[in-house]
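Novice: Here it is, the structure, as structure tokens.
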Amino acid sequence: MKKRLLQAFACALLAAVIALPGALALEKANTQKELTYGGIEWYIDYGGLADTLAGTALDSGSIDREDNFGSGSFYAPDWISVLTGTTYISDGDKDCGGSLKLDTHRAKLSVAKHELLEAEFYFMWNPETGAVEDYTAEGATQYYMARLLLKNGWSNSEQHFKDFVSDLRGSYGFDVYSEVGGAFHNVEYDYWVDPDGAVMGVSNTGGGITMAIMAPGAGDKLAKIKKLVR
């Protein structure tokens with residue numbers, strides 16, 4: 001009974017956070033490993049990320065690229081999206097940044113033995129300057145989140161997800177935060193927080209696995225951006 005009440009409370013709290021992005025504080029650290037994707041430095045600008053990716057598998061001719069920046073429709077997701085597996089949670093972070101989206105399904109890349117279908121790198125506007133006309137200008141943006149869409153097994157997606165999380169637990173620790181619920185599709189998600197406050201979460205959406213990693217301090221920086229763009 002107590003467990004059901006706690007789960008109900010967690011779901012209600014998550015729903016409240018989705019309505020008010022940034023309201024939920026991070027849990028305490030449960031891994032000692034630094035959380036990044038591909039060792040890419042947090043908070044570099046658009047040009048810095050492009051230079052980092054140059055010559056890697058994510059910069060091959062078989063990968064389609066799409067820049068999503070502009071006013072009125074592009075988002076800088078808050079950390080709660082790491083848990084839910086979706087980035088378009090509300091319009092609370094609209095106009096706060098954008099992303100570089102890479103369609104990787106033709107490249108046959110893999111992450112933890114799962115095929116990588118899509119990688120998206122999110123940027124917020126620099127909190128010191130706010131939105132500018134040219135997102136490629138030096139210092140205009142700050143990279144703070146990577147979101148990966150991985151192919152899951154259609155025949156037994158739940159077992160594939162459990163195997164995937166098991167591999168990650170071996171790398172990042174078994175003291176993982178694990179929940180089922182949320183305001184979207186009864187999502188199953190697991191996540192880790194490192195000592196610096198970076199967070200990595202994986203969620204099972206049935207047809208695929210979403211893996212997202214967010215930089216330490218991103219929530220505070222996004223809060224500053226929201227004040228500047230309103």
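Letters A, B, ... go to the chains of the structure tokens in the order shown; residues in each chain start at 1; ligands are counted from 1 in the same order.
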Could you build a table of the residues in region 21-103 of chain A lying no more than 9 Å from region 198-202 of chain A, giving for each the nearest pair of atoms and their separation in Å rounded to one decimal place, using only C-alpha atoms, ordered by chain and ascending residue number, as JSON lines?

Specialist:
```
{"residue": "A:Leu26", "atom": "CA", "partner": "A:Val199", "partner_atom": "CA", "distance": 8.3}
{"residue": "A:Ala29", "atom": "CA", "partner": "A:Val199", "partner_atom": "CA", "distance": 8.9}
{"residue": "A:Glu34", "atom": "CA", "partner": "A:Ala198", "partner_atom": "CA", "distance": 7.7}
{"residue": "A:Leu35", "atom": "CA", "partner": "A:Ala198", "partner_atom": "CA", "distance": 6.0}
{"residue": "A:Thr36", "atom": "CA", "partner": "A:Ala198", "partner_atom": "CA", "distance": 7.9}
{"residue": "A:Trp79", "atom": "CA", "partner": "A:Val199", "partner_atom": "CA", "distance": 7.8}
{"residue": "A:Ser81", "atom": "CA", "partner": "A:Gly201", "partner_atom": "CA", "distance": 8.9}
{"residue": "A:Val82", "atom": "CA", "partner": "A:Gly201", "partner_atom": "CA", "distance": 5.2}
{"residue": "A:Leu83", "atom": "CA", "partner": "A:Gly201", "partner_atom": "CA", "distance": 5.6}
{"residue": "A:Thr84", "atom": "CA", "partner": "A:Val202", "partner_atom": "CA", "distance": 8.6}
{"residue": "A:Gly85", "atom": "CA", "partner": "A:Val202", "partner_atom": "CA", "distance": 7.2}
```

Novice: If we count only C-alpha atoms, what is near region 130-147 of chain A at a cut-off of 9 Å, once residues fewer than 4 positions away on the same chain are taken out, given as an MDAnalysis selection string?

Specialist: chainID A and resid 36:37 41:49 69:70 76:77 79 82 85 87 95:99 118:126 210:216 218 224:225 228:229

Novice: Please return, as a list of chain:residue names, all residues of region 44-76 of chain A that DSSP assigns to strand (DSSP E or B) on the basis of the backbone.

Specialist: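 Output for region 44-76 of chain A, strand (DSSP E or B) only: A:Asp64, A:Arg65, A:Glu66, A:Asp67, A:Asn68, A:Tyr75.
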
Novice: Skipping near chain neighbours, those fewer than 2 positions away, what residues fall within 7 Å of Lys33 (chain A) using only C-alpha atoms, listed as a PyMOL selection string?

Specialist: chain A and resi 31+35+172+194

Novice: Include all heavy atoms and write out the residues we just selected as a short mmCIF file (atom, residue, chain, number, x, y, z; two decimals), in the first residue's frame.

Specialist:
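Output contents, as saved in out_34.cif:
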```
data_model
loop_
_atom_site.label_atom_id
_atom_site.label_comp_id
_atom_site.auth_asym_id
_atom_site.auth_seq_id
_atom_site.Cartn_x
_atom_site.Cartn_y
_atom_site.Cartn_z
N THR A 31 25.84 7.96 -9.00
CA THR A 31 26.97 7.39 -9.73
C THR A 31 28.17 8.30 -9.55
O THR A 31 28.02 9.52 -9.42
CB THR A 31 26.66 7.22 -11.23
OG1 THR A 31 27.80 6.65 -11.90
CG2 THR A 31 26.35 8.56 -11.89
N LEU A 35 28.98 12.11 -16.33
CA LEU A 35 27.99 11.83 -17.36
C LEU A 35 28.13 12.82 -18.52
O LEU A 35 27.87 14.01 -18.38
CB LEU A 35 26.58 11.91 -16.77
CG LEU A 35 26.27 10.88 -15.68
CD1 LEU A 35 24.88 11.11 -15.09
CD2 LEU A 35 26.39 9.46 -16.21
N TYR A 172 27.42 2.30 -14.85
CA TYR A 172 27.17 3.51 -14.07
C TYR A 172 26.72 3.26 -12.64
O TYR A 172 26.58 4.21 -11.87
CB TYR A 172 26.13 4.39 -14.79
CG TYR A 172 26.64 4.89 -16.12
CD1 TYR A 172 26.23 4.29 -17.31
CD2 TYR A 172 27.54 5.95 -16.19
CE1 TYR A 172 26.71 4.72 -18.53
CE2 TYR A 172 28.02 6.40 -17.40
CZ TYR A 172 27.60 5.77 -18.57
OH TYR A 172 28.08 6.21 -19.77
N ASP A 194 25.25 12.39 -11.57
CA ASP A 194 26.65 12.34 -11.14
C ASP A 194 26.92 13.43 -10.09
O ASP A 194 26.06 14.27 -9.82
CB ASP A 194 27.59 12.41 -12.34
CG ASP A 194 27.74 13.80 -12.96
OD1 ASP A 194 27.27 14.80 -12.36
OD2 ASP A 194 28.34 13.89 -14.05
#
```
